[in-house]
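First comes the structure, then the notes that go with it.
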Amino acid sequence: MAILRRLRLHHWITALLLVLLSLVILAMLGAWLLLHGNLPRTAGRLDLPVLDAPVEVARDAHGIPTIRAENTRDAYLALGFVHAQDRFQQMEFMRRLGEGRLAEVIGEGAVGTDRWSRTLGLHRRAQQSYRALGDEARAALDAYAAGVNAWLRRRDSWLPPPLTLLDVRPEPWTPADSLVWQRLMAFRLAGNWQDEAARARMIGAGLPPERVAELWHETQGVAVSEPVTMPQPVREAALPPPPPAELAATLASNAWTVAPARSATGGALLANDPHLGYQTPILWYLARLETPQWQVSGATVPGVPFHLIGHNGRIGWGITTTHADTKDLFVETVTGDGTTYLAPDGPRPFETREEVIEVRGGEPVTLTVRETRHGPVVTDLRGMAGVADGTEVLALAATGLMDGDRTAEAIMRLNRAGNRAEFLKAMRLFHAPMQNVFFATTDGDTGFISAGRVPVRKAGDGRVPVPGADGSHDWTGFVTFEDLPQAFAPASGTLLNANNRVVGDDYPHLITAHWPPPWRALRGEALLAGRDAHTVDDMIAMQHDMRSTMAETLVPVLLGALPASPDTVEARRLLEAWDGTMDPDRPEPLILSAWLPRIEKALTADELGDRAGDWRENGERFIAAVLSSRDTWWCDRKDTDVSESCGDILDRSLNNALADLRDRHGENMNDWRWGEVHEAALDNRLYGRIPLIGGWFNLRPEMGGGNHTLLRAGYWNGGENGRFDAVHGAGLRMVLDMADPGASRFIIATGQSENPLSDHYADQMPLWSRGATLRLDGEPASVLRLEP
């Protein structure tokens, strides 16, 4: 009987395993069918009644389309159709992020993100932007939306599987859905308001103001040790929470121009690689548009009709982030029963609106949004606060939240510009986010302007929250267009920006009190100065340069203060001989990257306490300043009576780092490899989270470079888990040769398609990771004819 029971149990287990296997196979087959059904039609003919005339969509071997249309309307309409073919899932989630409607499809985990988007009113403000645009820009947005909607009605393929499985029924695309991306980027590309809140928390917790200034290494019109003056104390409860990851600031890019006199081709050169968060698919989508009146080639964003980066055969353009301080937190004094707040002319009522967030699988969330004359009350993101008389809330003033924004029209006009005068005319309409926009023309002109609204303040320098009630720190206007940082046809023949300071000490206006470190810029300027005549290949090589000026500068300072120790002899020997190149096959980048966060933590842990997480800076300049000064305040521990020197901190931090690295990589330091723990985290945010098989959809090439190299490969985690994976860098690279614009080079980090079954899901990644590029004028591999 026992044998019989065991046989029966065995049969039941076998049957159960067969059932489970069958279910897995059926699920995989169903997923394959959904993915296969989502592949777009790229050859033959399709009827598209909304067109005025036939349009040809010729895709090359990498799926990059050239759209040939007989008129402007049809060109933008066809681009909307093609974007939807290849990236509608990305477009749908982008507009839901801007609308604050992610929780409708994702569930409760997205409510926090939706609360932020609704509080900021991003989609409402995008609708207002549409009304502020000129007729031509509105017509282009209308045409693009018509193309997206033509795909939704006529679909040549199924909806992307996640939308099908989540039962998402997309609403018609609107022009505001395209414009909300710019509002999102205006918020993402200026994060200084978070630093305002962090400084307020630190000062409120008792950290001396002059020490707070040292943490940020202030650089324009502010001495490093100058105290951060708080006009009034701010309660902890009044400070806003940090934004969700989807809205967090990500700030970096490289761009430079070379005049014909310094170019081996005889034409002006322009290189640009904007740095944003890594993901699959990457943000960018390459495309060419041609009409009898105009043409444009380069990088678009699915959901947006205009080329953000590229050329039109006469002028090329690229962008970097200025890091301007275009956001301020205003402390508003609540009066009465909480329905009013103080203004210079007396109490004013809050502007309020009710927002209802639908939640998949849960109850709706009702949100009351309050706004003051300065902007939305971000304190309310913690829950309704400041209802008692005399308490305060914080309102966010931001150029990216203002009415009358015509940035989209500026980009459209830039796409059609042909010379410096037309470039500048377009840039006058560029409002937010403030960007350094570079150009080069076929007649050899080069230049840049830091375009956008820069607030002029009655008082204050934007470093801390300021009073809102008395008007003492209000914005009085904006820096005039003529006074914005700009330069043209420099005598040196080159211009470069890598998010470094764009103004001198004599510049009369405050752009920001805190500029990012100049490490990438110093390296780029040295490379540009090192040749009399540059080629396109030289420009591409610069974009992949892995030498860190930060490491060259900081390592001697570290080693000079490091006590001699037998346990660190080998590491010291390697670092002393190292030239700072973040080579993926070398151990030195790994040693330094493991050492630095431990130094930073040891210097600040007892001073900042639970405020350490508020400090979002890369701390290399802070470390260098501490070690170079004779001030031991940061080095000496405050939580014990034991005296500790900076040398003690360096020695202990390095020994801890080496012990961890030996545990993970073995005793022989020469076998340690930076690339082994430094991969580009090109993860798919939907498919990549599927249990067991999610890793198949993620792209993880090894990388050199780091936070401060021209080959930007930024990491944030400090290596606590032994990994330093790059999560931020150049998802797009472009090099233009204005002597022959058609021969210009482009590459994106992933591929044109978001569909994992597509040949173009990841076909550019191997080229991108090894430094190769593509031309956009290749032979067509397929041709689709769209017929009215």
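Lettering and numbering for the structure tokens are positional, with chains as A, B, ... in the shown order, residues counted from 1 in each chain, and ligands counted from 1 in the shown order.
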Neighbouring residues of Ala190 in chain A were defined as those with any atom within 10 Å, considering only C-alpha atoms; residues of the same chain fewer than 5 positions away were excluded. Please report them as a VMD selection string. chain A and resid 185 248 to 251 321 to 327 398 to 400 432 to 434
Give me the residues within 8 Å of Ile357 in chain A as JSON, numbers by chain, counting only C-alpha atoms and dropping any in the same chain fewer than 4 places off. {"A": [100, 101, 103, 104, 111, 114, 115, 364, 365, 366, 367]}
Go ahead and dump the residues you just picked, all heavy atoms, as a PDB file, in the first residue's frame.
ATOM      1  N   GLY A 100      -0.808  62.608 -14.831  1.00  0.00           N
ATOM      2  CA  GLY A 100      -1.073  62.080 -13.492  1.00  0.00           C
ATOM      3  C   GLY A 100      -2.106  60.981 -13.538  1.00  0.00           C
ATOM      4  O   GLY A 100      -3.010  60.917 -12.690  1.00  0.00           O
ATOM      5  N   ARG A 101      -1.981  60.067 -14.515  1.00  0.00           N
ATOM      6  CA  ARG A 101      -2.960  58.999 -14.679  1.00  0.00           C
ATOM      7  C   ARG A 101      -2.291  57.626 -14.791  1.00  0.00           C
ATOM      8  O   ARG A 101      -2.829  56.718 -15.412  1.00  0.00           O
ATOM      9  CB  ARG A 101      -3.806  59.267 -15.928  1.00  0.00           C
ATOM     10  CG  ARG A 101      -4.686  60.511 -15.827  1.00  0.00           C
ATOM     11  CD  ARG A 101      -5.486  60.728 -17.090  1.00  0.00           C
ATOM     12  NE  ARG A 101      -6.335  59.584 -17.405  1.00  0.00           N
ATOM     13  CZ  ARG A 101      -6.953  59.432 -18.583  1.00  0.00           C
ATOM     14  NH1 ARG A 101      -6.806  60.352 -19.529  1.00  0.00           N
ATOM     15  NH2 ARG A 101      -7.710  58.384 -18.801  1.00  0.00           N
ATOM     16  N   ALA A 103      -1.715  55.612 -12.176  1.00  0.00           N
ATOM     17  CA  ALA A 103      -2.357  54.685 -11.236  1.00  0.00           C
ATOM     18  C   ALA A 103      -3.573  54.011 -11.854  1.00  0.00           C
ATOM     19  O   ALA A 103      -3.969  52.932 -11.414  1.00  0.00           O
ATOM     20  CB  ALA A 103      -2.756  55.423  -9.956  1.00  0.00           C
ATOM     21  N   GLU A 104      -4.175  54.622 -12.858  1.00  0.00           N
ATOM     22  CA  GLU A 104      -5.312  54.000 -13.527  1.00  0.00           C
ATOM     23  C   GLU A 104      -4.958  52.642 -14.103  1.00  0.00           C
ATOM     24  O   GLU A 104      -5.794  51.749 -14.183  1.00  0.00           O
ATOM     25  CB  GLU A 104      -5.815  54.896 -14.669  1.00  0.00           C
ATOM     26  CG  GLU A 104      -6.562  56.133 -14.220  1.00  0.00           C
ATOM     27  CD  GLU A 104      -7.082  56.917 -15.409  1.00  0.00           C
ATOM     28  OE1 GLU A 104      -7.154  56.340 -16.524  1.00  0.00           O
ATOM     29  OE2 GLU A 104      -7.410  58.098 -15.244  1.00  0.00           O
ATOM     30  N   VAL A 111       0.345  56.094  -7.294  1.00  0.00           N
ATOM     31  CA  VAL A 111      -0.440  57.223  -6.781  1.00  0.00           C
ATOM     32  C   VAL A 111       0.464  58.400  -6.411  1.00  0.00           C
ATOM     33  O   VAL A 111       0.141  59.562  -6.683  1.00  0.00           O
ATOM     34  CB  VAL A 111      -1.295  56.789  -5.572  1.00  0.00           C
ATOM     35  CG1 VAL A 111      -1.890  58.004  -4.862  1.00  0.00           C
ATOM     36  CG2 VAL A 111      -2.399  55.846  -6.028  1.00  0.00           C
ATOM     37  N   ASP A 114       1.407  60.267  -9.481  1.00  0.00           N
ATOM     38  CA  ASP A 114       0.248  61.005  -9.989  1.00  0.00           C
ATOM     39  C   ASP A 114      -0.046  62.242  -9.147  1.00  0.00           C
ATOM     40  O   ASP A 114      -0.438  63.288  -9.676  1.00  0.00           O
ATOM     41  CB  ASP A 114      -0.982  60.098 -10.021  1.00  0.00           C
ATOM     42  CG  ASP A 114      -0.941  59.085 -11.155  1.00  0.00           C
ATOM     43  OD1 ASP A 114      -0.047  59.200 -12.024  1.00  0.00           O
ATOM     44  OD2 ASP A 114      -1.796  58.185 -11.187  1.00  0.00           O
ATOM     45  N   ARG A 115       0.131  62.122  -7.830  1.00  0.00           N
ATOM     46  CA  ARG A 115      -0.106  63.279  -6.965  1.00  0.00           C
ATOM     47  C   ARG A 115       0.825  64.427  -7.343  1.00  0.00           C
ATOM     48  O   ARG A 115       0.416  65.597  -7.379  1.00  0.00           O
ATOM     49  CB  ARG A 115       0.092  62.904  -5.492  1.00  0.00           C
ATOM     50  CG  ARG A 115      -1.012  62.044  -4.912  1.00  0.00           C
ATOM     51  CD  ARG A 115      -0.656  61.559  -3.500  1.00  0.00           C
ATOM     52  NE  ARG A 115      -0.515  62.674  -2.580  1.00  0.00           N
ATOM     53  CZ  ARG A 115      -1.499  63.156  -1.822  1.00  0.00           C
ATOM     54  NH1 ARG A 115      -2.710  62.613  -1.882  1.00  0.00           N
ATOM     55  NH2 ARG A 115      -1.294  64.160  -1.006  1.00  0.00           N
ATOM     56  N   PRO A 364     -10.628  55.320  -5.550  1.00  0.00           N
ATOM     57  CA  PRO A 364     -10.109  56.589  -6.059  1.00  0.00           C
ATOM     58  C   PRO A 364      -9.522  57.436  -4.932  1.00  0.00           C
ATOM     59  O   PRO A 364      -9.957  57.365  -3.785  1.00  0.00           O
ATOM     60  CB  PRO A 364     -11.337  57.261  -6.680  1.00  0.00           C
ATOM     61  CG  PRO A 364     -12.303  56.150  -6.929  1.00  0.00           C
ATOM     62  CD  PRO A 364     -12.062  55.137  -5.846  1.00  0.00           C
ATOM     63  N   VAL A 365      -8.539  58.246  -5.279  1.00  0.00           N
ATOM     64  CA  VAL A 365      -7.894  59.147  -4.333  1.00  0.00           C
ATOM     65  C   VAL A 365      -8.243  60.574  -4.737  1.00  0.00           C
ATOM     66  O   VAL A 365      -8.000  60.983  -5.879  1.00  0.00           O
ATOM     67  CB  VAL A 365      -6.370  58.965  -4.335  1.00  0.00           C
ATOM     68  CG1 VAL A 365      -5.703  60.016  -3.442  1.00  0.00           C
ATOM     69  CG2 VAL A 365      -6.001  57.560  -3.867  1.00  0.00           C
ATOM     70  N   THR A 366      -8.836  61.312  -3.803  1.00  0.00           N
ATOM     71  CA  THR A 366      -9.190  62.701  -4.064  1.00  0.00           C
ATOM     72  C   THR A 366      -8.097  63.609  -3.506  1.00  0.00           C
ATOM     73  O   THR A 366      -7.690  63.479  -2.357  1.00  0.00           O
ATOM     74  CB  THR A 366     -10.544  63.056  -3.433  1.00  0.00           C
ATOM     75  OG1 THR A 366     -11.554  62.207  -3.994  1.00  0.00           O
ATOM     76  CG2 THR A 366     -10.910  64.507  -3.710  1.00  0.00           C
ATOM     77  N   LEU A 367      -7.633  64.504  -4.347  1.00  0.00           N
ATOM     78  CA  LEU A 367      -6.534  65.391  -3.993  1.00  0.00           C
ATOM     79  C   LEU A 367      -7.004  66.834  -4.139  1.00  0.00           C
ATOM     80  O   LEU A 367      -7.534  67.219  -5.180  1.00  0.00           O
ATOM     81  CB  LEU A 367      -5.340  65.128  -4.924  1.00  0.00           C
ATOM     82  CG  LEU A 367      -4.147  66.074  -4.854  1.00  0.00           C
ATOM     83  CD1 LEU A 367      -3.432  65.916  -3.514  1.00  0.00           C
ATOM     84  CD2 LEU A 367      -3.181  65.788  -5.999  1.00  0.00           C
TER      85      LEU A 367
END
Which residues of range 653-699 of chain A have any atom within 9 Å of an atom in range 595-603 of chain A when counting only C-alpha atoms, and what is the closest pair of atoms for each, with the distance in Å to one decimal? Order the rows by chain and rising number and write it as JSON lines.
{"residue": "A:Ser653", "atom": "CA", "partner": "A:Arg598", "partner_atom": "CA", "distance": 5.4}
{"residue": "A:Leu654", "atom": "CA", "partner": "A:Trp595", "partner_atom": "CA", "distance": 5.4}
{"residue": "A:Asn655", "atom": "CA", "partner": "A:Trp595", "partner_atom": "CA", "distance": 8.6}
{"residue": "A:Asn656", "atom": "CA", "partner": "A:Arg598", "partner_atom": "CA", "distance": 8.1}
{"residue": "A:Ala657", "atom": "CA", "partner": "A:Trp595", "partner_atom": "CA", "distance": 5.5}
{"residue": "A:Leu658", "atom": "CA", "partner": "A:Trp595", "partner_atom": "CA", "distance": 8.1}
For range 36-42 of chain A, find every residue with an atom within 10 Å (counting only C-alpha atoms), except residues of its own chain fewer than 5 positions away, and show them as a ChimeraX atom specification. /A:30-31,57-59,63,65,82,84-86,155-161,753-759,781-785
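Taking only C-alpha atoms, the non-local environment of Arg288 in chain A within 9 Å (same-chain residues fewer than 3 positions away omitted) comprises Ile64, Pro65, Thr66, Ile67, Arg68, Gln295, Val296, Ser297, Gly298, Ala299, Leu776 and Asp777 of chain A.
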Could you turn the residues from that selection into a file that holds all heavy atoms, as a JSON list (two decimals), in the first residue's frame?
[["chain", "number", "residue", "atom", "x", "y", "z"],
["A", 64, "ILE", "N", 15.49, 53.12, -39.31],
["A", 64, "ILE", "CA", 15.43, 54.58, -39.23],
["A", 64, "ILE", "C", 14.66, 55.09, -40.43],
["A", 64, "ILE", "O", 15.07, 54.86, -41.58],
["A", 64, "ILE", "CB", 16.84, 55.18, -39.18],
["A", 64, "ILE", "CG1", 17.60, 54.64, -37.95],
["A", 64, "ILE", "CG2", 16.77, 56.70, -39.15],
["A", 64, "ILE", "CD1", 19.07, 54.97, -37.96],
["A", 65, "PRO", "N", 13.54, 55.80, -40.23],
["A", 65, "PRO", "CA", 12.71, 56.20, -41.35],
["A", 65, "PRO", "C", 13.14, 57.51, -41.99],
["A", 65, "PRO", "O", 13.57, 58.45, -41.31],
["A", 65, "PRO", "CB", 11.32, 56.34, -40.71],
["A", 65, "PRO", "CG", 11.62, 56.80, -39.32],
["A", 65, "PRO", "CD", 12.91, 56.11, -38.93],
["A", 66, "THR", "N", 13.02, 57.56, -43.31],
["A", 66, "THR", "CA", 13.03, 58.81, -44.05],
["A", 66, "THR", "C", 11.62, 59.01, -44.57],
["A", 66, "THR", "O", 11.10, 58.19, -45.33],
["A", 66, "THR", "CB", 14.03, 58.78, -45.21],
["A", 66, "THR", "OG1", 15.36, 58.69, -44.69],
["A", 66, "THR", "CG2", 13.91, 60.04, -46.06],
["A", 67, "ILE", "N", 10.98, 60.08, -44.15],
["A", 67, "ILE", "CA", 9.59, 60.37, -44.50],
["A", 67, "ILE", "C", 9.59, 61.45, -45.57],
["A", 67, "ILE", "O", 10.05, 62.58, -45.32],
["A", 67, "ILE", "CB", 8.79, 60.81, -43.27],
["A", 67, "ILE", "CG1", 8.74, 59.67, -42.23],
["A", 67, "ILE", "CG2", 7.38, 61.26, -43.66],
["A", 67, "ILE", "CD1", 8.14, 60.08, -40.90],
["A", 68, "ARG", "N", 9.10, 61.11, -46.75],
["A", 68, "ARG", "CA", 9.04, 62.07, -47.86],
["A", 68, "ARG", "C", 7.58, 62.43, -48.12],
["A", 68, "ARG", "O", 6.78, 61.56, -48.47],
["A", 68, "ARG", "CB", 9.68, 61.49, -49.11],
["A", 68, "ARG", "CG", 11.18, 61.22, -48.94],
["A", 68, "ARG", "CD", 11.83, 60.73, -50.22],
["A", 68, "ARG", "NE", 13.27, 60.60, -50.05],
["A", 68, "ARG", "CZ", 13.88, 59.48, -49.68],
["A", 68, "ARG", "NH1", 13.14, 58.38, -49.44],
["A", 68, "ARG", "NH2", 15.18, 59.44, -49.53],
["A", 295, "GLN", "N", 13.72, 70.24, -45.01],
["A", 295, "GLN", "CA", 14.12, 68.91, -44.56],
["A", 295, "GLN", "C", 14.71, 69.04, -43.17],
["A", 295, "GLN", "O", 15.18, 70.10, -42.77],
["A", 295, "GLN", "CB", 15.15, 68.28, -45.51],
["A", 295, "GLN", "CG", 16.45, 69.09, -45.60],
["A", 295, "GLN", "CD", 17.55, 68.33, -46.29],
["A", 295, "GLN", "OE1", 17.95, 67.26, -45.85],
["A", 295, "GLN", "NE2", 18.05, 68.90, -47.40],
["A", 296, "VAL", "N", 14.71, 67.94, -42.44],
["A", 296, "VAL", "CA", 15.32, 67.92, -41.11],
["A", 296, "VAL", "C", 15.68, 66.48, -40.79],
["A", 296, "VAL", "O", 14.94, 65.55, -41.12],
["A", 296, "VAL", "CB", 14.37, 68.52, -40.04],
["A", 296, "VAL", "CG1", 13.09, 67.72, -39.93],
["A", 296, "VAL", "CG2", 15.05, 68.62, -38.68],
["A", 297, "SER", "N", 16.84, 66.29, -40.16],
["A", 297, "SER", "CA", 17.34, 64.96, -39.80],
["A", 297, "SER", "C", 17.87, 64.99, -38.39],
["A", 297, "SER", "O", 18.47, 65.99, -37.95],
["A", 297, "SER", "CB", 18.48, 64.53, -40.74],
["A", 297, "SER", "OG", 18.07, 64.50, -42.08],
["A", 298, "GLY", "N", 17.67, 63.89, -37.66],
["A", 298, "GLY", "CA", 18.25, 63.81, -36.33],
["A", 298, "GLY", "C", 17.38, 63.09, -35.35],
["A", 298, "GLY", "O", 16.72, 62.10, -35.68],
["A", 299, "ALA", "N", 17.37, 63.59, -34.11],
["A", 299, "ALA", "CA", 16.75, 62.88, -32.99],
["A", 299, "ALA", "C", 15.42, 63.52, -32.61],
["A", 299, "ALA", "O", 15.35, 64.73, -32.35],
["A", 299, "ALA", "CB", 17.69, 62.87, -31.79],
["A", 776, "LEU", "N", 22.35, 58.79, -41.63],
["A", 776, "LEU", "CA", 20.91, 58.70, -41.78],
["A", 776, "LEU", "C", 20.47, 58.73, -43.24],
["A", 776, "LEU", "O", 19.28, 58.83, -43.51],
["A", 776, "LEU", "CB", 20.21, 59.82, -41.01],
["A", 776, "LEU", "CG", 20.47, 59.88, -39.50],
["A", 776, "LEU", "CD1", 19.50, 60.86, -38.85],
["A", 776, "LEU", "CD2", 20.36, 58.52, -38.85],
["A", 777, "ASP", "N", 21.43, 58.64, -44.16],
["A", 777, "ASP", "CA", 21.09, 58.67, -45.58],
["A", 777, "ASP", "C", 21.38, 57.33, -46.26],
["A", 777, "ASP", "O", 21.70, 57.27, -47.44],
["A", 777, "ASP", "CB", 21.84, 59.79, -46.29],
["A", 777, "ASP", "CG", 23.36, 59.64, -46.18],
["A", 777, "ASP", "OD1", 23.82, 58.73, -45.46],
["A", 777, "ASP", "OD2", 24.07, 60.44, -46.81]]
Please provide as a PyMOL selection string all residues within 10 Å of Met402 in chain A, with the sequence filter that same-chain residues fewer than 3 positions apart are discarded (counting only C-alpha atoms). chain A and resi 125+128-129+183+374-375+397-399+405+431-432
Quick one, how far is CA of Leu215 in chain A from CA of Met546 in chain A?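 Going from CA of Leu215 in chain A over to CA of Met546 in chain A, I get 26.9 Å.
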Using only C-alpha atoms, which residue out of A:Pro349, A:Gly609, A:Pro231, A:Gly316 lies closest to Arg416 in chain A?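 Closest candidate: A:Gly316.
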CA of Leu429 in chain A and CA of Thr407 in chain A, how far apart in Å? 5.8 Å
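The set of residues in range 679-751 of chain A assigned to helix (DSSP H, G or I) by DSSP, using only backbone atoms of this structure, is A:Tyr687, A:Gly688, A:Arg689, A:Gly694, A:Gly695, A:Trp696, A:Phe697, A:Pro741, A:Gly742, A:Ala743.
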Residues at most 8 Å from Ser645 in chain A, counting only C-alpha atoms, excluding those fewer than 2 positions away in the same chain, as a PyMOL selection string? chain A and resi 632+635-636+643+647-649
I need the chosen residues saved as a PDB file, in the first residue's frame, with all heavy atoms.
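again.pdb written:
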ATOM      1  N   THR A 632      39.936  71.046  10.229  1.00  0.00           N
ATOM      2  CA  THR A 632      39.652  69.623  10.473  1.00  0.00           C
ATOM      3  C   THR A 632      38.239  69.405  11.012  1.00  0.00           C
ATOM      4  O   THR A 632      37.935  68.328  11.529  1.00  0.00           O
ATOM      5  CB  THR A 632      40.663  69.038  11.467  1.00  0.00           C
ATOM      6  OG1 THR A 632      40.558  69.739  12.710  1.00  0.00           O
ATOM      7  CG2 THR A 632      42.081  69.144  10.929  1.00  0.00           C
ATOM      8  N   CYS A 635      36.546  66.386   9.657  1.00  0.00           N
ATOM      9  CA  CYS A 635      37.242  65.127   9.930  1.00  0.00           C
ATOM     10  C   CYS A 635      37.071  64.678  11.386  1.00  0.00           C
ATOM     11  O   CYS A 635      36.950  63.471  11.659  1.00  0.00           O
ATOM     12  CB  CYS A 635      38.730  65.272   9.619  1.00  0.00           C
ATOM     13  SG  CYS A 635      39.086  65.621   7.875  1.00  0.00           S
ATOM     14  N   ASP A 636      37.077  65.620  12.298  1.00  0.00           N
ATOM     15  CA  ASP A 636      36.997  65.256  13.711  1.00  0.00           C
ATOM     16  C   ASP A 636      35.576  64.833  14.066  1.00  0.00           C
ATOM     17  O   ASP A 636      34.609  65.544  13.792  1.00  0.00           O
ATOM     18  CB  ASP A 636      37.418  66.455  14.572  1.00  0.00           C
ATOM     19  CG  ASP A 636      37.658  66.047  16.019  1.00  0.00           C
ATOM     20  OD1 ASP A 636      37.837  64.839  16.260  1.00  0.00           O
ATOM     21  OD2 ASP A 636      37.638  66.935  16.879  1.00  0.00           O
ATOM     22  N   SER A 643      39.546  61.937  19.212  1.00  0.00           N
ATOM     23  CA  SER A 643      39.959  62.825  18.129  1.00  0.00           C
ATOM     24  C   SER A 643      40.313  61.984  16.902  1.00  0.00           C
ATOM     25  O   SER A 643      40.984  60.952  17.015  1.00  0.00           O
ATOM     26  CB  SER A 643      41.169  63.660  18.566  1.00  0.00           C
ATOM     27  OG  SER A 643      41.610  64.478  17.521  1.00  0.00           O
ATOM     28  N   GLY A 647      43.587  62.015   7.928  1.00  0.00           N
ATOM     29  CA  GLY A 647      44.368  60.846   7.531  1.00  0.00           C
ATOM     30  C   GLY A 647      43.780  59.555   8.063  1.00  0.00           C
ATOM     31  O   GLY A 647      43.768  58.527   7.375  1.00  0.00           O
ATOM     32  N   ASP A 648      43.288  59.583   9.305  1.00  0.00           N
ATOM     33  CA  ASP A 648      42.637  58.401   9.877  1.00  0.00           C
ATOM     34  C   ASP A 648      41.425  57.988   9.032  1.00  0.00           C
ATOM     35  O   ASP A 648      41.197  56.808   8.779  1.00  0.00           O
ATOM     36  CB  ASP A 648      42.181  58.690  11.316  1.00  0.00           C
ATOM     37  CG  ASP A 648      43.342  58.917  12.265  1.00  0.00           C
ATOM     38  OD1 ASP A 648      44.451  58.404  11.981  1.00  0.00           O
ATOM     39  OD2 ASP A 648      43.149  59.619  13.275  1.00  0.00           O
ATOM     40  N   ILE A 649      40.635  58.981   8.613  1.00  0.00           N
ATOM     41  CA  ILE A 649      39.448  58.688   7.805  1.00  0.00           C
ATOM     42  C   ILE A 649      39.848  58.073   6.469  1.00  0.00           C
ATOM     43  O   ILE A 649      39.262  57.084   6.021  1.00  0.00           O
ATOM     44  CB  ILE A 649      38.625  59.973   7.600  1.00  0.00           C
ATOM     45  CG1 ILE A 649      37.884  60.322   8.881  1.00  0.00           C
ATOM     46  CG2 ILE A 649      37.657  59.840   6.426  1.00  0.00           C
ATOM     47  CD1 ILE A 649      37.110  61.618   8.814  1.00  0.00           C
TER      48      ILE A 649
END
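For the choices A:Gly613, A:Gly362, A:Pro516, A:Gly688, the atom-to-atom distance to Asn497 in chain A is smallest for A:Pro516 when using only C-alpha atoms.
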Near-Asp651 in chain A list (10 Å; only C-alpha atoms; drop same-chain fewer than 6 positions) as JSON, numbers by chain: {"A": [558, 559, 561, 562, 563, 564, 565, 567, 568, 595, 599, 657]}
In range 400-624 of chain A, what's strand (DSSP E) per DSSP? Answer as a ChimeraX atom specification? /A:435-441,446-451,455-457,466-467,475-478,486-488,494-497
I'd like the interatomic distance between CA of Ala541 in chain A and CA of Ala268 in chain A, to a tenth of an Å.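 Value for the CA of Ala541 in chain A-CA of Ala268 in chain A distance: 17.2 Å.
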Which residue gives the smallest distance to Val393 in chain A among A:Ala421, A:Leu79, A:Val334, A:Val258, with only C-alpha atoms counted?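 Closest to Val393 in chain A of all the choices is A:Val334.
Compared by their closest atoms to Leu528 in chain A, and using only C-alpha atoms, the residues A:Leu276, A:Leu496, A:Ala140, A:Val502 rank with A:Leu496 nearest.
Each of A:Leu269, A:Ala469, A:Leu286, A:Ala521 was compared to Asp445 in chain A using only C-alpha atoms, and A:Leu269 turns out to be the nearest.
Distance annotation: of A:Arg463, A:Leu289, A:Thr257, A:Arg637, the residue with the minimal separation from Ala213 in chain A is A:Arg463; atom set is only C-alpha atoms.
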